[in-house]
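Asker: Dropping the structure in here first, questions after.
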Amino acid sequence: IKSVEASIPEPQREAWERNQVKNFTDKDGFEKAVVRHVETTLARSMFNCDETAAYAATSLAFRDRLITDWNKTQQRQTYQDTKRVYYLSLEFLMGRALDNAMLNVGLKDAAKGGLADLGFRIEDIITQEHDAALGNGGLGRLAACFLDSLASLNYPAWGYGLRYRYGIFKQEIIDGYQVEVPDYWLDFNPWEFPRHDVTVDIQFFGHVNKKTNADGKTVAIWDGGEIVEAVAYDVPIPGYDTPTTNNLRLWSSKASGGEFDFQKFNSGDYESSVADQQRAETISAVLYPNDNLERGKELRLKQQYFWVAASLHDIVRRFKKSKRAWTEFSDQVAIQLNDTHPTLAIVELQRILIDTEGLEWDLAWDIVTSTFGYTNHTVLPEALEKWPVGLMQHLLPRHLQIIYDINLYFLQKVEKAFPKDRDMLRRVSIIEEGQPKMVRMAYLAIVGSHKVNGVAELHSDLIKTTIFKDFVEIYGPDKFTNVTNGITPRRWLHQANPRLSELIASKCGGNGFLKDLTNLNRLEPYAKDAAFRREWAEIKYANKVRLAKHIKKTTGVIVNPASLFDVQVKRIHEYKRQQLNIFGVIHRYLSLKAMSPEERKKQLPRVSIFGGKAAPGYWMAKQIIHLINAVGSVVNNDEEIGDLLKVIFLEDYNVSKAEMICPASDISEHISTAGTEASGTSNMKFVLNGGLIIGTCDGANIEITREIGESNIFLFGNLAEDVEDLRHAHTYGYHTIDTDLDKVFNEIEKGTFGSVHDFSAMIAAVRQHGDYYLVSDDFHSYIETHQLVDEAYRKQDEWVAKCIVSVARMGFFSSDRCMNEYAEGIWNVEPLDVQE
Ligand code: GPK
């Protein structure tokens with residue numbers, strides 16, 4: 001093994017070593033770094049430093065540390081020449097970086113003391129930071145948790161994504177309706193390093209010519225069209241308690257050849273030269289705000305190719321520097337496709353290998369398929385990506401030819417294995433026949449990968465028996481596997497809930513559980529310890545007080561922290577069934593209203609908290625938000641009800657708000673129609689923070705139940721295996737609406753919550769349009785289960801004991817476990833030793 005130093009030529013090594021950057025390691029060093037950045041980098045007088053400047057200088061001080069660690073990590077990884085993982089994701093929902101950097105580097109206390117000396121409270125400085133919100137929801141946040149785990153476990157790994165100028169929109173609630181505001185987040189971003197020297201020219205459009213070489217071989221030449229330049233921006237990803245600092249490389253688009261086309265500019269065509277520039281910049285301008293939905297827009301396909309082509313160019317360039325034979329490509333490189341969004345990478349690598357590098361098709365295809373792995377995140381048909389053949393032909397003519405060839409060879413093999421099964425060929429073809437013809441991206445991803453995985457056991461079973469059934473027959477079951485999702489305990493426990501983390505550490509032998517979450521099991525005996533339960537409950541209460549303050553500040557509503565906090569925060573979607581929740585809330589309200597004052601006094605006070613964004617074009621989801629707010633304004637102002645019920649919609653749910661909300665929940669709702677939520681990951685965050693959950697038998701809820709025990713979770717509703725039959729029955733007229741739900745509907749239709757017209761479609765979806773999401777079928781068991789929740793919460797001691805036992809049994813759901821499973825079962829990569 002060559003050492004890092006060996007990469008520096010002998011005569012100069014001493015001078016470089018003598019002048020090495022020395023990073024701060026304590027409070028005094030931190031203060032010096034801050035003051036220096038205030039005065040020099042920010043050019044502010046040290047006596048004129050506000051919180052914004054203190055945030056900037058603190059971040060820059062930590063950035064200095066990260067980048068020196070980053071440099072060493074990259075050198076080490078290059079010189080050891082081990083296999084690297086490349087995680088391709090259109091979304092990285094990172095949230096804030098400063099708090100995470102301080103904790104991972106282990107210098108938060110130093111920073112806290114230093115900032116206090118300089119006159120600041122660390123909390124005020126941390127909250128200055130704008131979330132990096134380059135994602136929609138679960139899929140993007142999963143990618144961010146994976147990066148944290150990969151670095152913490154010392155895996156050589158890079159993320160590749162797009163540097164959107166606008167992340168997910170900011171949500172405002174105006175008169176109860178969602179209004180979208182652009183999220184321009186790049187005004188000051190100390191966490192990225194522009195690499196103006198790392199650029200790639202990306203080609204679009206044009207045409208393909210055939211040319212015969214000197215050796216008589218025919219080759220394809222992709223000519224003409226337009227070129228857009230990709231510029232790299234690097235974001236350092238620090239591991240927890242390790243010097244490993246990995247890289248997230250984000251590509252930004254820019255007109256090729258500098259600012260303007262000078263030809264056009266000089267010829268007086270100023271407007272069109274500016275227009276060209278703007279068109280190029282549009283590619284990385286904005287994140288598509290859809291979750292679990294693909295809308296097939298041309299610009300989206302351009303984004304995908306732009307990002308994939310730049311990333312592959314980078315990966316191939318790095319490989320070629322190693323001078324190894326092409327046959328060793330997959331010994332050096334593993335590429336994971338986060339959903340089908342980067343599927344064109346398969347085609348692009350095949351194109352590079354055959355067109356640019358001159359390899360034979362079969363050899364190239366072996367290299368390609370041994371390099372890629374594909375993760376599926378949904379079975380919802382509206383989310384499965386398909387692109388019109390015509391659009392692909394226009395934008396990427398050479399790629400379409402290659403897709404046709406991939407399909408031809410694939411179908412030939414299928415035909416051999418299943419002779420005379422014409423329908424099989426039609427079903428599995430990468431090209432869907434129809435008007436228009438479509439390229440099925442998931443099928444292309446399966447054919448071009450060596451492993452396909454789902455994200456929870458039920459989901460991985462479902463893809464094998466439904467959407468990808470034929471492919472299991474063709475390839476055999478071993479190509480398909482499961483890796484149940486996980487979350488990083490650093491952000492979702494240590495950072496979000498410092499007091500709970502500290503209490504746990506005091507009983508688990510220190511902070512080791514943050515690196516091996518299974519160590520949480522040492523907590524279990526303390527569930528029986530009354531003093532421990534008191535401390536535990538006191539922390540939960542303090543977290544609820546903090547959320548109550550936020551609610552008061554942002555909505556004006558005063559909630560009692562002693563109430564049961566019932567939380568559903570996630571993207572608004574019919575399949576996630578926020579409508580079921582709000583109908584249940586209305587049912588509770590009607591029940592309270594029907595009670596005598598004496599009876600009412602016996603009821604448990606509850607706060608129903610919602611949060612989440614609706615895709616701007618998802619009309620029904622927006623109506624759900626409106627109904628929640630409409631119910632809130634009636635219930636919250638009903639003096640007869642008082643503290644017994646409050647309904648809150650939290651504006652602009654995002655990662656940093658989740659960090660405040662998860663620790664403050666008593667019960668959270670994960671109530672998707674069985675079989676629709678691939679995994680869910682917030683269910684894990686809530687349990688890890690000492691909250692219980694109410695949920696359906698869906699996604700990771702099932703495995704959470706297996707781990708923590710059935711008595712510690714509130715399960716309800718129909719099972720996935722029954723959904724199809726129920727839907728079938730609805731369609732053929734056997735749908736009687738649950739009587740309690742019918743009362744709720746009647747109340748809405750009386751106008752109790754205002755605009756009857758707005759809510760009629762939500763009701764019609766259940767009553768008239770087949771109730772696709774089984775809201776009525778599950779309503780009764782949902783209501784009953786909430787009664788069980790009330791009863792359980794009254795027995796506080798038992799409740800707290802359940803919470804402690806659940807946390808103790810959550811070790812499995814660390815994204816560290818997840819990354820180890822991918823590394824062993826899919827990537828075949830190993831961690832790199834870090835002897836410093
Ligand atoms: C799945 F298909 C998609 C999508 O477009 N966006 C998204 O966030 C989610 N997902 C699933 O809905 C979750 O069940 C899952 O936990 C998450 O991906 C991560 O796998």
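Each chain in the structure tokens gets a letter, A, B and so on, in the order shown; residues start at 1 in every chain, and ligands are counted from 1 in the order they appear.
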Using only C-alpha atoms, determine which residues lie at most 9 Å from A:Arg279, disregarding the query and same-chain residues fewer than 5 positions distant; provide the list as a PDB file with all heavy atoms, in the first residue's frame.

Answerer:
```pdb
ATOM      1  N   LYS A 254     -24.050  25.743 -18.001  1.00  0.00           N
ATOM      2  CA  LYS A 254     -23.555  27.046 -18.417  1.00  0.00           C
ATOM      3  C   LYS A 254     -23.411  27.002 -19.944  1.00  0.00           C
ATOM      4  O   LYS A 254     -23.136  25.927 -20.499  1.00  0.00           O
ATOM      5  CB  LYS A 254     -22.185  27.196 -17.763  1.00  0.00           C
ATOM      6  CG  LYS A 254     -21.513  28.485 -17.889  1.00  0.00           C
ATOM      7  CD  LYS A 254     -20.236  28.423 -17.060  1.00  0.00           C
ATOM      8  CE  LYS A 254     -19.220  29.301 -17.754  1.00  0.00           C
ATOM      9  NZ  LYS A 254     -17.936  29.306 -17.112  1.00  0.00           N
ATOM     10  N   ALA A 255     -23.589  28.156 -20.602  1.00  0.00           N
ATOM     11  CA  ALA A 255     -23.409  28.171 -22.055  1.00  0.00           C
ATOM     12  C   ALA A 255     -21.967  27.803 -22.353  1.00  0.00           C
ATOM     13  O   ALA A 255     -21.044  28.241 -21.664  1.00  0.00           O
ATOM     14  CB  ALA A 255     -23.744  29.537 -22.622  1.00  0.00           C
ATOM     15  N   VAL A 274     -27.667  36.282 -25.620  1.00  0.00           N
ATOM     16  CA  VAL A 274     -28.068  36.195 -24.215  1.00  0.00           C
ATOM     17  C   VAL A 274     -29.081  35.058 -24.039  1.00  0.00           C
ATOM     18  O   VAL A 274     -29.025  34.302 -23.069  1.00  0.00           O
ATOM     19  CB  VAL A 274     -28.671  37.530 -23.718  1.00  0.00           C
ATOM     20  CG1 VAL A 274     -29.213  37.377 -22.299  1.00  0.00           C
ATOM     21  CG2 VAL A 274     -27.622  38.629 -23.761  1.00  0.00           C
TER      22      VAL A 274
END
```

Asker: To check your reading of the model: which residues sit at most 6 Å from ligand 1 when counting only C-alpha atoms and all ligand atoms? Write the answer as a PyMOL selection string.

Answerer: chain A and resi 137-139+142+291-293+377-378+383+455+677-681

Asker: Tell me which of A:Leu523, A:Leu592, A:Ala531, A:Leu150 sits closest to A:Gly510, counting only C-alpha atoms.

Answerer: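 Using only C-alpha atoms, the shortest distance to A:Gly510 belongs to A:Leu523.
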
Asker: Taking into account only C-alpha atoms, which residue in the set A:Ala720, A:Ile174, A:Ala537, A:Val567 is nearest to A:Arg499?

Answerer: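 Ranked by minimum distance to A:Arg499, first place goes to A:Ala537.
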
Asker: What parts of stretch 486-531 of chain A does DSSP call helix (DSSP H, G or I)? I'd like the answer as an MDAnalysis selection string.

Answerer: chainID A and resid 489:495 498:507 511:514 517:528 530:531

Asker: Do a neighbour search on A:Gly642 at 9 Å with only C-alpha atoms, toss out local chain neighbours closer than 6 positions, and write the hits as a PyMOL selection string.

Answerer: chain A and resi 605+635-636
